[in-house]
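Printed here is upload_8.txt (compact mmCIF, N, CA and C atoms):
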# COMPACT_ATOMS: atom_id res chain seq x y z
N LEU A 195 0.83 -1.19 0.00
CA LEU A 195 0.00 0.00 0.00
C LEU A 195 0.87 1.25 0.00
N TYR A 196 0.31 2.30 -0.54
CA TYR A 196 1.00 3.58 -0.57
C TYR A 196 0.84 4.27 0.78
N PRO A 197 1.83 5.08 1.17
CA PRO A 197 1.69 5.80 2.45
C PRO A 197 0.60 6.85 2.34
N ARG A 198 -0.07 7.08 3.45
CA ARG A 198 -1.12 8.11 3.48
C ARG A 198 -0.48 9.48 3.60
N VAL A 199 -1.22 10.47 3.13
CA VAL A 199 -0.78 11.86 3.15
C VAL A 199 -1.74 12.64 4.03
N THR A 200 -1.23 13.50 4.89
CA THR A 200 -2.11 14.34 5.70
C THR A 200 -2.57 15.54 4.88
N VAL A 201 -3.60 16.20 5.37
CA VAL A 201 -4.09 17.41 4.70
C VAL A 201 -2.98 18.47 4.69
N ALA A 202 -2.24 18.60 5.79
CA ALA A 202 -1.14 19.57 5.85
C ALA A 202 -0.05 19.24 4.83
N GLU A 203 0.29 17.96 4.70
CA GLU A 203 1.29 17.55 3.70
C GLU A 203 0.78 17.82 2.28
N TYR A 204 -0.49 17.57 2.04
CA TYR A 204 -1.09 17.83 0.74
C TYR A 204 -1.02 19.31 0.41
N HIS A 205 -1.37 20.16 1.39
CA HIS A 205 -1.29 21.61 1.17
C HIS A 205 0.16 22.04 0.90
N GLN A 206 1.11 21.42 1.58
CA GLN A 206 2.52 21.76 1.36
C GLN A 206 2.97 21.34 -0.04
N MET A 207 2.50 20.19 -0.50
CA MET A 207 2.82 19.75 -1.86
C MET A 207 2.31 20.76 -2.88
N ILE A 208 1.11 21.28 -2.65
CA ILE A 208 0.54 22.28 -3.55
C ILE A 208 1.38 23.55 -3.49
N ALA A 209 1.71 24.00 -2.26
CA ALA A 209 2.52 25.22 -2.08
C ALA A 209 3.90 25.07 -2.72
N ASP A 210 4.46 23.86 -2.67
CA ASP A 210 5.79 23.61 -3.24
C ASP A 210 5.76 23.42 -4.76
N GLY A 211 4.57 23.44 -5.35
CA GLY A 211 4.46 23.31 -6.80
C GLY A 211 4.53 21.88 -7.31
N ILE A 212 4.40 20.90 -6.41
CA ILE A 212 4.41 19.51 -6.84
C ILE A 212 3.19 19.23 -7.72
N PHE A 213 2.08 19.84 -7.36
CA PHE A 213 0.86 19.76 -8.17
C PHE A 213 0.58 21.16 -8.70
N GLU A 214 0.28 21.25 -9.97
CA GLU A 214 -0.09 22.53 -10.55
C GLU A 214 -1.55 22.84 -10.25
N ASP A 215 -1.89 24.12 -10.27
CA ASP A 215 -3.26 24.54 -10.07
C ASP A 215 -4.15 23.88 -11.11
N GLY A 216 -5.22 23.27 -10.66
CA GLY A 216 -6.14 22.62 -11.58
C GLY A 216 -5.78 21.19 -11.94
N GLU A 217 -4.69 20.68 -11.38
CA GLU A 217 -4.31 19.29 -11.67
C GLU A 217 -5.39 18.36 -11.12
N PRO A 218 -5.76 17.31 -11.85
CA PRO A 218 -6.90 16.46 -11.47
C PRO A 218 -6.57 15.48 -10.34
N ILE A 219 -6.30 16.02 -9.16
CA ILE A 219 -5.97 15.18 -8.00
C ILE A 219 -6.79 15.65 -6.81
N GLU A 220 -7.30 14.70 -6.05
CA GLU A 220 -8.00 14.98 -4.80
C GLU A 220 -7.34 14.16 -3.70
N LEU A 221 -7.44 14.64 -2.48
CA LEU A 221 -7.01 13.87 -1.32
C LEU A 221 -8.26 13.21 -0.73
N ILE A 222 -8.31 11.89 -0.80
CA ILE A 222 -9.47 11.14 -0.32
C ILE A 222 -9.00 10.15 0.74
N GLU A 223 -9.41 10.39 1.98
CA GLU A 223 -9.06 9.54 3.11
C GLU A 223 -7.56 9.26 3.18
N GLY A 224 -6.77 10.31 2.93
CA GLY A 224 -5.32 10.20 3.04
C GLY A 224 -4.60 9.74 1.79
N TYR A 225 -5.34 9.42 0.74
CA TYR A 225 -4.72 8.95 -0.50
C TYR A 225 -4.89 9.99 -1.60
N LEU A 226 -3.85 10.16 -2.40
CA LEU A 226 -3.92 11.02 -3.57
C LEU A 226 -4.62 10.24 -4.67
N VAL A 227 -5.74 10.77 -5.14
CA VAL A 227 -6.59 10.06 -6.09
C VAL A 227 -6.78 10.93 -7.33
N LEU A 228 -6.60 10.33 -8.51
CA LEU A 228 -6.89 11.05 -9.75
C LEU A 228 -8.39 11.25 -9.88
N LYS A 229 -8.79 12.46 -10.21
CA LYS A 229 -10.20 12.75 -10.41
C LYS A 229 -10.65 12.17 -11.74
N MET A 230 -11.92 11.80 -11.79
CA MET A 230 -12.50 11.27 -13.01
C MET A 230 -12.59 12.39 -14.05
N SER A 231 -12.40 12.04 -15.31
CA SER A 231 -12.63 12.99 -16.40
C SER A 231 -14.13 13.25 -16.51
N HIS A 232 -14.48 14.40 -17.03
CA HIS A 232 -15.89 14.76 -17.18
C HIS A 232 -16.33 14.46 -18.60
N ASN A 233 -17.24 13.49 -18.75
CA ASN A 233 -17.79 13.24 -20.07
C ASN A 233 -18.90 14.26 -20.35
N SER A 234 -19.41 14.27 -21.55
CA SER A 234 -20.41 15.27 -21.94
C SER A 234 -21.69 15.21 -21.10
N PRO A 235 -22.26 14.03 -20.81
CA PRO A 235 -23.46 14.01 -19.96
C PRO A 235 -23.21 14.59 -18.56
N HIS A 236 -22.05 14.29 -17.98
CA HIS A 236 -21.72 14.84 -16.66
C HIS A 236 -21.59 16.36 -16.74
N ALA A 237 -20.86 16.84 -17.74
CA ALA A 237 -20.68 18.28 -17.90
C ALA A 237 -22.02 18.99 -18.10
N SER A 238 -22.89 18.40 -18.89
CA SER A 238 -24.21 18.99 -19.11
C SER A 238 -25.01 19.05 -17.81
N ALA A 239 -24.97 17.97 -17.05
CA ALA A 239 -25.70 17.94 -15.77
C ALA A 239 -25.16 19.00 -14.81
N VAL A 240 -23.86 19.15 -14.75
CA VAL A 240 -23.26 20.16 -13.86
C VAL A 240 -23.68 21.56 -14.29
N ARG A 241 -23.67 21.84 -15.58
CA ARG A 241 -24.11 23.16 -16.07
C ARG A 241 -25.55 23.44 -15.68
N LYS A 242 -26.43 22.46 -15.89
CA LYS A 242 -27.85 22.65 -15.58
C LYS A 242 -28.07 22.80 -14.07
N LEU A 243 -27.39 21.96 -13.29
CA LEU A 243 -27.52 22.07 -11.84
C LEU A 243 -26.98 23.41 -11.34
N ASN A 244 -25.87 23.87 -11.90
CA ASN A 244 -25.28 25.14 -11.49
C ASN A 244 -26.28 26.28 -11.70
N ARG A 245 -26.90 26.31 -12.87
CA ARG A 245 -27.89 27.35 -13.16
C ARG A 245 -29.04 27.28 -12.16
N LEU A 246 -29.54 26.08 -11.89
CA LEU A 246 -30.64 25.90 -10.95
C LEU A 246 -30.24 26.30 -9.53
N PHE A 247 -29.11 25.79 -9.06
CA PHE A 247 -28.68 26.06 -7.68
C PHE A 247 -28.42 27.54 -7.44
N LEU A 248 -27.86 28.23 -8.43
CA LEU A 248 -27.60 29.66 -8.25
C LEU A 248 -28.90 30.44 -8.10
N LYS A 249 -29.98 29.97 -8.72
CA LYS A 249 -31.29 30.61 -8.56
C LYS A 249 -31.90 30.30 -7.20
N LEU A 250 -31.61 29.13 -6.67
CA LEU A 250 -32.28 28.66 -5.45
C LEU A 250 -31.52 28.92 -4.15
N VAL A 251 -30.23 29.25 -4.22
CA VAL A 251 -29.44 29.38 -3.00
C VAL A 251 -30.01 30.53 -2.16
N PRO A 252 -30.34 30.24 -0.90
CA PRO A 252 -30.94 31.28 -0.05
C PRO A 252 -29.91 32.28 0.45
N SER A 253 -30.39 33.39 0.92
CA SER A 253 -29.53 34.40 1.52
C SER A 253 -28.79 33.79 2.70
N GLY A 254 -27.53 34.16 2.87
CA GLY A 254 -26.73 33.60 3.95
C GLY A 254 -26.03 32.31 3.58
N TRP A 255 -26.16 31.91 2.33
CA TRP A 255 -25.53 30.69 1.83
C TRP A 255 -24.78 31.00 0.54
N VAL A 256 -23.78 30.19 0.26
CA VAL A 256 -22.99 30.27 -0.96
C VAL A 256 -23.00 28.89 -1.59
N VAL A 257 -23.12 28.82 -2.91
CA VAL A 257 -22.98 27.54 -3.59
C VAL A 257 -21.67 27.58 -4.37
N GLN A 258 -20.86 26.56 -4.19
CA GLN A 258 -19.61 26.48 -4.95
C GLN A 258 -19.63 25.22 -5.80
N CYS A 259 -18.95 25.30 -6.94
CA CYS A 259 -18.97 24.23 -7.93
C CYS A 259 -17.55 23.73 -8.18
N GLN A 260 -17.33 22.44 -7.91
CA GLN A 260 -16.08 21.74 -8.20
C GLN A 260 -14.87 22.44 -7.59
N LEU A 261 -15.02 22.85 -6.33
CA LEU A 261 -13.94 23.47 -5.58
C LEU A 261 -13.72 22.70 -4.29
N PRO A 262 -12.53 22.81 -3.68
CA PRO A 262 -12.20 21.99 -2.51
C PRO A 262 -12.99 22.33 -1.25
N VAL A 263 -13.22 21.29 -0.48
CA VAL A 263 -13.68 21.39 0.90
C VAL A 263 -12.67 20.59 1.72
N THR A 264 -12.42 21.00 2.95
CA THR A 264 -11.37 20.37 3.75
C THR A 264 -11.96 19.60 4.92
N PHE A 265 -11.57 18.31 5.02
CA PHE A 265 -11.95 17.45 6.13
C PHE A 265 -10.67 17.05 6.86
N ALA A 266 -10.80 16.27 7.93
CA ALA A 266 -9.64 15.88 8.73
C ALA A 266 -8.60 15.12 7.90
N ASP A 267 -9.05 14.24 7.00
CA ASP A 267 -8.10 13.43 6.23
C ASP A 267 -8.35 13.48 4.73
N SER A 268 -9.17 14.43 4.28
CA SER A 268 -9.54 14.48 2.87
C SER A 268 -9.71 15.93 2.41
N GLU A 269 -9.55 16.12 1.12
CA GLU A 269 -9.88 17.40 0.51
C GLU A 269 -10.48 17.14 -0.87
N PRO A 270 -11.74 16.69 -0.86
CA PRO A 270 -12.41 16.42 -2.12
C PRO A 270 -12.85 17.72 -2.80
N GLU A 271 -13.25 17.60 -4.05
CA GLU A 271 -13.79 18.72 -4.82
C GLU A 271 -15.16 18.30 -5.35
N PRO A 272 -16.17 18.33 -4.48
CA PRO A 272 -17.50 17.87 -4.91
C PRO A 272 -18.04 18.75 -6.04
N ASP A 273 -18.95 18.18 -6.80
CA ASP A 273 -19.55 18.96 -7.88
C ASP A 273 -20.20 20.22 -7.32
N PHE A 274 -20.88 20.12 -6.18
CA PHE A 274 -21.48 21.29 -5.54
C PHE A 274 -21.41 21.15 -4.02
N ALA A 275 -21.24 22.28 -3.37
CA ALA A 275 -21.34 22.35 -1.92
C ALA A 275 -22.08 23.63 -1.57
N PHE A 276 -23.09 23.51 -0.72
CA PHE A 276 -23.81 24.67 -0.21
C PHE A 276 -23.18 25.03 1.13
N LEU A 277 -22.73 26.27 1.23
CA LEU A 277 -21.93 26.71 2.37
C LEU A 277 -22.65 27.79 3.15
N ARG A 278 -22.61 27.67 4.47
CA ARG A 278 -23.15 28.72 5.34
C ARG A 278 -22.19 29.90 5.33
N GLY A 279 -22.74 31.10 5.15
CA GLY A 279 -21.90 32.28 5.23
C GLY A 279 -21.89 33.08 3.96
N ASP A 280 -20.85 33.85 3.82
CA ASP A 280 -20.66 34.77 2.70
C ASP A 280 -19.44 34.30 1.90
N GLU A 281 -19.39 34.66 0.64
CA GLU A 281 -18.25 34.26 -0.19
C GLU A 281 -16.92 34.67 0.43
N SER A 282 -16.88 35.84 1.06
CA SER A 282 -15.62 36.32 1.64
C SER A 282 -15.15 35.46 2.81
N ASP A 283 -16.04 34.67 3.39
CA ASP A 283 -15.64 33.77 4.48
C ASP A 283 -14.63 32.73 4.00
N PHE A 284 -14.57 32.52 2.69
CA PHE A 284 -13.73 31.46 2.14
C PHE A 284 -12.60 32.02 1.27
N ASP A 285 -12.27 33.29 1.49
CA ASP A 285 -11.18 33.92 0.73
C ASP A 285 -9.81 33.33 1.08
N THR A 286 -9.62 32.90 2.33
CA THR A 286 -8.30 32.44 2.76
C THR A 286 -8.30 31.00 3.26
N LYS A 287 -9.41 30.30 3.10
CA LYS A 287 -9.48 28.91 3.54
C LYS A 287 -10.59 28.19 2.78
N HIS A 288 -10.47 26.88 2.74
CA HIS A 288 -11.53 26.07 2.15
C HIS A 288 -12.60 25.80 3.21
N PRO A 289 -13.83 25.60 2.79
CA PRO A 289 -14.89 25.27 3.75
C PRO A 289 -14.61 23.97 4.49
N THR A 290 -15.07 23.92 5.73
CA THR A 290 -14.93 22.73 6.57
C THR A 290 -16.33 22.18 6.89
N PRO A 291 -16.43 20.98 7.45
CA PRO A 291 -17.74 20.35 7.63
C PRO A 291 -18.79 21.21 8.34
N GLY A 292 -18.41 21.97 9.35
CA GLY A 292 -19.39 22.79 10.06
C GLY A 292 -19.98 23.90 9.23
N GLU A 293 -19.38 24.20 8.09
CA GLU A 293 -19.86 25.27 7.22
C GLU A 293 -20.61 24.72 6.01
N ILE A 294 -20.71 23.41 5.91
CA ILE A 294 -21.31 22.77 4.74
C ILE A 294 -22.69 22.22 5.11
N GLY A 295 -23.70 22.67 4.37
CA GLY A 295 -25.05 22.18 4.61
C GLY A 295 -25.47 21.06 3.69
N LEU A 296 -24.89 21.04 2.49
CA LEU A 296 -25.26 20.05 1.48
C LEU A 296 -24.10 19.85 0.53
N VAL A 297 -23.86 18.60 0.17
CA VAL A 297 -22.89 18.25 -0.87
C VAL A 297 -23.64 17.49 -1.95
N VAL A 298 -23.35 17.83 -3.21
CA VAL A 298 -24.00 17.17 -4.35
C VAL A 298 -22.92 16.67 -5.31
N GLU A 299 -23.04 15.41 -5.70
CA GLU A 299 -22.19 14.84 -6.74
C GLU A 299 -23.08 14.44 -7.91
N ALA A 300 -22.71 14.86 -9.10
CA ALA A 300 -23.36 14.39 -10.34
C ALA A 300 -22.65 13.11 -10.74
N ALA A 301 -23.38 12.01 -10.78
CA ALA A 301 -22.75 10.70 -10.98
C ALA A 301 -23.17 10.10 -12.31
N ASP A 302 -22.19 9.82 -13.12
CA ASP A 302 -22.41 9.08 -14.36
C ASP A 302 -21.49 7.87 -14.30
N SER A 303 -20.27 8.00 -14.78
CA SER A 303 -19.33 6.89 -14.69
C SER A 303 -18.78 6.72 -13.28
N SER A 304 -19.01 7.70 -12.39
CA SER A 304 -18.49 7.65 -11.02
C SER A 304 -19.51 7.14 -10.01
N ARG A 305 -20.63 6.59 -10.48
CA ARG A 305 -21.71 6.20 -9.56
C ARG A 305 -21.24 5.28 -8.44
N TYR A 306 -20.45 4.28 -8.77
CA TYR A 306 -20.02 3.33 -7.73
C TYR A 306 -19.21 4.04 -6.65
N ALA A 307 -18.22 4.83 -7.05
CA ALA A 307 -17.39 5.54 -6.08
C ALA A 307 -18.21 6.55 -5.28
N ASP A 308 -19.15 7.22 -5.94
CA ASP A 308 -19.97 8.20 -5.23
C ASP A 308 -20.88 7.53 -4.20
N ARG A 309 -21.31 6.31 -4.49
CA ARG A 309 -22.21 5.59 -3.58
C ARG A 309 -21.48 4.83 -2.48
N THR A 310 -20.18 4.67 -2.62
CA THR A 310 -19.43 3.90 -1.62
C THR A 310 -18.35 4.78 -0.97
N GLU A 311 -17.24 4.99 -1.66
CA GLU A 311 -16.10 5.69 -1.07
C GLU A 311 -16.44 7.13 -0.67
N LYS A 312 -17.08 7.86 -1.57
CA LYS A 312 -17.39 9.26 -1.25
C LYS A 312 -18.48 9.34 -0.19
N LEU A 313 -19.48 8.47 -0.26
CA LEU A 313 -20.52 8.43 0.78
C LEU A 313 -19.88 8.22 2.15
N ARG A 314 -18.98 7.26 2.25
CA ARG A 314 -18.29 6.98 3.51
C ARG A 314 -17.48 8.19 3.98
N MET A 315 -16.74 8.81 3.05
CA MET A 315 -15.91 9.96 3.39
C MET A 315 -16.77 11.13 3.89
N TYR A 316 -17.86 11.43 3.18
CA TYR A 316 -18.72 12.54 3.61
C TYR A 316 -19.37 12.23 4.96
N ALA A 317 -19.81 11.01 5.15
CA ALA A 317 -20.42 10.63 6.43
C ALA A 317 -19.42 10.74 7.58
N ARG A 318 -18.19 10.26 7.36
CA ARG A 318 -17.15 10.35 8.40
C ARG A 318 -16.84 11.80 8.75
N ALA A 319 -16.95 12.68 7.76
CA ALA A 319 -16.66 14.10 7.99
C ALA A 319 -17.82 14.81 8.68
N GLY A 320 -18.97 14.15 8.80
CA GLY A 320 -20.11 14.76 9.46
C GLY A 320 -21.03 15.53 8.52
N ILE A 321 -20.93 15.28 7.23
CA ILE A 321 -21.82 15.93 6.27
C ILE A 321 -23.17 15.23 6.37
N ALA A 322 -24.18 15.96 6.82
CA ALA A 322 -25.49 15.35 7.09
C ALA A 322 -26.31 15.12 5.84
N VAL A 323 -26.14 15.97 4.82
CA VAL A 323 -26.96 15.86 3.63
C VAL A 323 -26.06 15.72 2.41
N TYR A 324 -26.18 14.60 1.73
CA TYR A 324 -25.37 14.27 0.55
C TYR A 324 -26.29 13.76 -0.53
N TRP A 325 -26.33 14.48 -1.64
CA TRP A 325 -27.16 14.06 -2.77
C TRP A 325 -26.27 13.51 -3.88
N ILE A 326 -26.76 12.46 -4.51
CA ILE A 326 -26.14 11.95 -5.73
C ILE A 326 -27.16 12.12 -6.85
N VAL A 327 -26.81 12.89 -7.86
CA VAL A 327 -27.66 13.07 -9.03
C VAL A 327 -27.24 12.03 -10.05
N ASN A 328 -28.13 11.09 -10.32
CA ASN A 328 -27.84 10.00 -11.24
C ASN A 328 -28.04 10.52 -12.67
N VAL A 329 -26.94 10.85 -13.32
CA VAL A 329 -26.96 11.51 -14.63
C VAL A 329 -27.56 10.60 -15.69
N SER A 330 -27.19 9.34 -15.71
CA SER A 330 -27.62 8.46 -16.81
C SER A 330 -29.08 8.01 -16.68
N ASP A 331 -29.62 8.04 -15.48
CA ASP A 331 -31.02 7.62 -15.28
C ASP A 331 -31.95 8.79 -15.09
Let me see whether you can do it: turn the structure in this file into structure tokens.
Amino acid sequence: LYPRVTVAEYHQMIADGIFEDGEPIELIEGYLVLKMSHNSPHASAVRKLNRLFLKLVPSGWVVQCQLPVTFADSEPEPDFAFLRGDESDFDTKHPTPGEIGLVVEAADSSRYADRTEKLRMYARAGIAVYWIVNVSD
């Protein structure tokens, strides 16, 4: 097995330029994981959901799309996260579980991982509401 990486070590790797900005890597339960490529149905679903969520997000909340959230041993980039607060609250840090009200993953080819590994990770982090949008069905 590969050695696990802490969130602090992951952030240091980013700061040291080991990973470039936008590189398709997430920290999932201590492991560096390549993110899935976005096929056309997934991209279409994310665009449609983004338009809908931006219309529906209530005052005092922020919706972010495909950006990091930080947990004790993970830093995933869910398709959407609804965050308590104002956009400026996240200028110098990523959202943490106490600031997250809802996480949404659009699942097409990633359905198995979203229903198992990511479900477990979000539950362990204390995310109470996790939606999976089944793109193909």
Spatial neighbours of range 321-325 of chain A, max dist 6 Å, only C-alpha atoms, sep filter under 2 positions, as a PyMOL selection string: chain A and resi 296-298+316-317+319
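One distance worth recording is that between CA of Asn328 in chain A and CA of Glu271 in chain A, which is 17.7 Å.
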Among range 210-327 of chain A, which ones does DSSP assign to strand (DSSP E) (computed from the backbone)? Answer as an NGL selection string. :A and (219-222 or 225-228 or 255-259 or 274-278 or 294-301 or 324-327)
Kindly save the residues from that selection, with N, CA and C atoms included, as a JSON list (two decimals), in the coordinates of the input.
[["chain", "number", "residue", "atom", "x", "y", "z"],
["A", 219, "ILE", "N", -6.30, 16.02, -9.16],
["A", 219, "ILE", "CA", -5.97, 15.18, -8.00],
["A", 219, "ILE", "C", -6.79, 15.65, -6.81],
["A", 220, "GLU", "N", -7.30, 14.70, -6.05],
["A", 220, "GLU", "CA", -8.00, 14.98, -4.80],
["A", 220, "GLU", "C", -7.34, 14.16, -3.70],
["A", 221, "LEU", "N", -7.44, 14.64, -2.48],
["A", 221, "LEU", "CA", -7.01, 13.87, -1.32],
["A", 221, "LEU", "C", -8.26, 13.21, -0.73],
["A", 222, "ILE", "N", -8.31, 11.89, -0.80],
["A", 222, "ILE", "CA", -9.47, 11.14, -0.32],
["A", 222, "ILE", "C", -9.00, 10.15, 0.74],
["A", 225, "TYR", "N", -5.34, 9.42, 0.74],
["A", 225, "TYR", "CA", -4.72, 8.95, -0.50],
["A", 225, "TYR", "C", -4.89, 9.99, -1.60],
["A", 226, "LEU", "N", -3.85, 10.16, -2.40],
["A", 226, "LEU", "CA", -3.92, 11.02, -3.57],
["A", 226, "LEU", "C", -4.62, 10.24, -4.67],
["A", 227, "VAL", "N", -5.74, 10.77, -5.14],
["A", 227, "VAL", "CA", -6.59, 10.06, -6.09],
["A", 227, "VAL", "C", -6.78, 10.93, -7.33],
["A", 228, "LEU", "N", -6.60, 10.33, -8.51],
["A", 228, "LEU", "CA", -6.89, 11.05, -9.75],
["A", 228, "LEU", "C", -8.39, 11.25, -9.88],
["A", 255, "TRP", "N", -26.16, 31.91, 2.33],
["A", 255, "TRP", "CA", -25.53, 30.69, 1.83],
["A", 255, "TRP", "C", -24.78, 31.00, 0.54],
["A", 256, "VAL", "N", -23.78, 30.19, 0.26],
["A", 256, "VAL", "CA", -22.99, 30.27, -0.96],
["A", 256, "VAL", "C", -23.00, 28.89, -1.59],
["A", 257, "VAL", "N", -23.12, 28.82, -2.91],
["A", 257, "VAL", "CA", -22.98, 27.54, -3.59],
["A", 257, "VAL", "C", -21.67, 27.58, -4.37],
["A", 258, "GLN", "N", -20.86, 26.56, -4.19],
["A", 258, "GLN", "CA", -19.61, 26.48, -4.95],
["A", 258, "GLN", "C", -19.63, 25.22, -5.80],
["A", 259, "CYS", "N", -18.95, 25.30, -6.94],
["A", 259, "CYS", "CA", -18.97, 24.23, -7.93],
["A", 259, "CYS", "C", -17.55, 23.73, -8.18],
["A", 274, "PHE", "N", -20.88, 20.12, -6.18],
["A", 274, "PHE", "CA", -21.48, 21.29, -5.54],
["A", 274, "PHE", "C", -21.41, 21.15, -4.02],
["A", 275, "ALA", "N", -21.24, 22.28, -3.37],
["A", 275, "ALA", "CA", -21.34, 22.35, -1.92],
["A", 275, "ALA", "C", -22.08, 23.63, -1.57],
["A", 276, "PHE", "N", -23.09, 23.51, -0.72],
["A", 276, "PHE", "CA", -23.81, 24.67, -0.21],
["A", 276, "PHE", "C", -23.18, 25.03, 1.13],
["A", 277, "LEU", "N", -22.73, 26.27, 1.23],
["A", 277, "LEU", "CA", -21.93, 26.71, 2.37],
["A", 277, "LEU", "C", -22.65, 27.79, 3.15],
["A", 278, "ARG", "N", -22.61, 27.67, 4.47],
["A", 278, "ARG", "CA", -23.15, 28.72, 5.34],
["A", 278, "ARG", "C", -22.19, 29.90, 5.33],
["A", 294, "ILE", "N", -20.71, 23.41, 5.91],
["A", 294, "ILE", "CA", -21.31, 22.77, 4.74],
["A", 294, "ILE", "C", -22.69, 22.22, 5.11],
["A", 295, "GLY", "N", -23.70, 22.67, 4.37],
["A", 295, "GLY", "CA", -25.05, 22.18, 4.61],
["A", 295, "GLY", "C", -25.47, 21.06, 3.69],
["A", 296, "LEU", "N", -24.89, 21.04, 2.49],
["A", 296, "LEU", "CA", -25.26, 20.05, 1.48],
["A", 296, "LEU", "C", -24.10, 19.85, 0.53],
["A", 297, "VAL", "N", -23.86, 18.60, 0.17],
["A", 297, "VAL", "CA", -22.89, 18.25, -0.87],
["A", 297, "VAL", "C", -23.64, 17.49, -1.95],
["A", 298, "VAL", "N", -23.35, 17.83, -3.21],
["A", 298, "VAL", "CA", -24.00, 17.17, -4.35],
["A", 298, "VAL", "C", -22.92, 16.67, -5.31],
["A", 299, "GLU", "N", -23.04, 15.41, -5.70],
["A", 299, "GLU", "CA", -22.19, 14.84, -6.74],
["A", 299, "GLU", "C", -23.08, 14.44, -7.91],
["A", 300, "ALA", "N", -22.71, 14.86, -9.10],
["A", 300, "ALA", "CA", -23.36, 14.39, -10.34],
["A", 300, "ALA", "C", -22.65, 13.11, -10.74],
["A", 301, "ALA", "N", -23.38, 12.01, -10.78],
["A", 301, "ALA", "CA", -22.75, 10.70, -10.98],
["A", 301, "ALA", "C", -23.17, 10.10, -12.31],
["A", 324, "TYR", "N", -26.18, 14.60, 1.73],
["A", 324, "TYR", "CA", -25.37, 14.27, 0.55],
["A", 324, "TYR", "C", -26.29, 13.76, -0.53],
["A", 325, "TRP", "N", -26.33, 14.48, -1.64],
["A", 325, "TRP", "CA", -27.16, 14.06, -2.77],
["A", 325, "TRP", "C", -26.27, 13.51, -3.88],
["A", 326, "ILE", "N", -26.76, 12.46, -4.51],
["A", 326, "ILE", "CA", -26.14, 11.95, -5.73],
["A", 326, "ILE", "C", -27.16, 12.12, -6.85],
["A", 327, "VAL", "N", -26.81, 12.89, -7.86],
["A", 327, "VAL", "CA", -27.66, 13.07, -9.03],
["A", 327, "VAL", "C", -27.24, 12.03, -10.05]]
Would you mind reading off the distance between atom C of Val251 in chain A and atom C of Ser268 in chain A, one decimal, in Å?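 Computing the Euclidean distance for atom C of Val251 in chain A and atom C of Ser268 in chain A yields 25.4 Å.
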Quick one, how far is CA of Val256 in chain A from CA of Ser234 in chain A?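 Value for the CA of Val256 in chain A-CA of Ser234 in chain A distance: 25.9 Å.
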Please provide as a list in words all residues within 7 Å of Gly279 in chain A, with the sequence filter that same-chain residues fewer than 2 positions apart are discarded (counting all atoms listed in the file). Gly254, Trp255, Val256, Leu277, Glu281, Ser282, Asp283 and Glu293 of chain A
Would you please extract all helix (DSSP H, G or I) residues from range 221-279 of chain A, as assigned by DSSP on the backbone, and give them as JSON, numbers by chain? {"A": [234, 235, 236, 237, 238, 239, 240, 241, 242, 243, 244, 245, 246, 247, 248, 249, 250]}
Name the residues in contact with range 195-211 of chain A at a cut-off of 7 Å, using only C-alpha atoms, excluding same-chain residues fewer than 5 positions from it; report them as a count of residues only. 4
Residue neighbourhood Asp273 in chain A, 5 Å, only N, CA and C atoms, exclusion window fewer than 6 positions, as a compact mmCIF listing (two decimals) with N, CA and C atoms, in the coordinates of the input:
# COMPACT_ATOMS: atom_id res chain seq x y z
N CYS A 259 -18.95 25.30 -6.94
CA CYS A 259 -18.97 24.23 -7.93
C CYS A 259 -17.55 23.73 -8.18
N GLN A 260 -17.33 22.44 -7.91
CA GLN A 260 -16.08 21.74 -8.20
C GLN A 260 -14.87 22.44 -7.59
N VAL A 298 -23.35 17.83 -3.21
CA VAL A 298 -24.00 17.17 -4.35
C VAL A 298 -22.92 16.67 -5.31
N GLU A 299 -23.04 15.41 -5.70
CA GLU A 299 -22.19 14.84 -6.74
C GLU A 299 -23.08 14.44 -7.91
Determine the nearest neighbour of Leu226 in chain A from the options A:Lys242, A:Glu269, A:Arg318, A:Thr290, counting only C-alpha atoms.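 For Leu226 in chain A, the nearest of the candidates is A:Glu269.
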For a quick check of understanding, using only C-alpha atoms, which of A:Thr310, A:Glu214, A:Ala300, A:Gly320 has the smallest distance to Ser238 in chain A?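 Going through A:Thr310, A:Glu214, A:Ala300, A:Gly320 one by one, the smallest distance to Ser238 in chain A is for A:Ala300.
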Please output range 212-217 of chain A, rebuilt to include N, CA, C and O atoms, as a JSON list (two decimals), keeping the file's coordinate frame.
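Written out: result_3.json:
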[["chain", "number", "residue", "atom", "x", "y", "z"],
["A", 212, "ILE", "N", 4.40, 20.90, -6.41],
["A", 212, "ILE", "CA", 4.41, 19.51, -6.84],
["A", 212, "ILE", "C", 3.19, 19.23, -7.72],
["A", 212, "ILE", "O", 3.27, 18.50, -8.70],
["A", 213, "PHE", "N", 2.08, 19.84, -7.36],
["A", 213, "PHE", "CA", 0.86, 19.76, -8.17],
["A", 213, "PHE", "C", 0.58, 21.16, -8.70],
["A", 213, "PHE", "O", 0.62, 22.13, -7.95],
["A", 214, "GLU", "N", 0.28, 21.25, -9.97],
["A", 214, "GLU", "CA", -0.09, 22.53, -10.55],
["A", 214, "GLU", "C", -1.55, 22.84, -10.25],
["A", 214, "GLU", "O", -2.35, 21.93, -10.04],
["A", 215, "ASP", "N", -1.89, 24.12, -10.27],
["A", 215, "ASP", "CA", -3.26, 24.54, -10.07],
["A", 215, "ASP", "C", -4.15, 23.88, -11.11],
["A", 215, "ASP", "O", -3.85, 23.89, -12.30],
["A", 216, "GLY", "N", -5.22, 23.27, -10.66],
["A", 216, "GLY", "CA", -6.14, 22.62, -11.58],
["A", 216, "GLY", "C", -5.78, 21.19, -11.94],
["A", 216, "GLY", "O", -6.49, 20.55, -12.72],
["A", 217, "GLU", "N", -4.69, 20.68, -11.38],
["A", 217, "GLU", "CA", -4.31, 19.29, -11.67],
["A", 217, "GLU", "C", -5.39, 18.36, -11.12],
["A", 217, "GLU", "O", -5.92, 18.58, -10.03]]
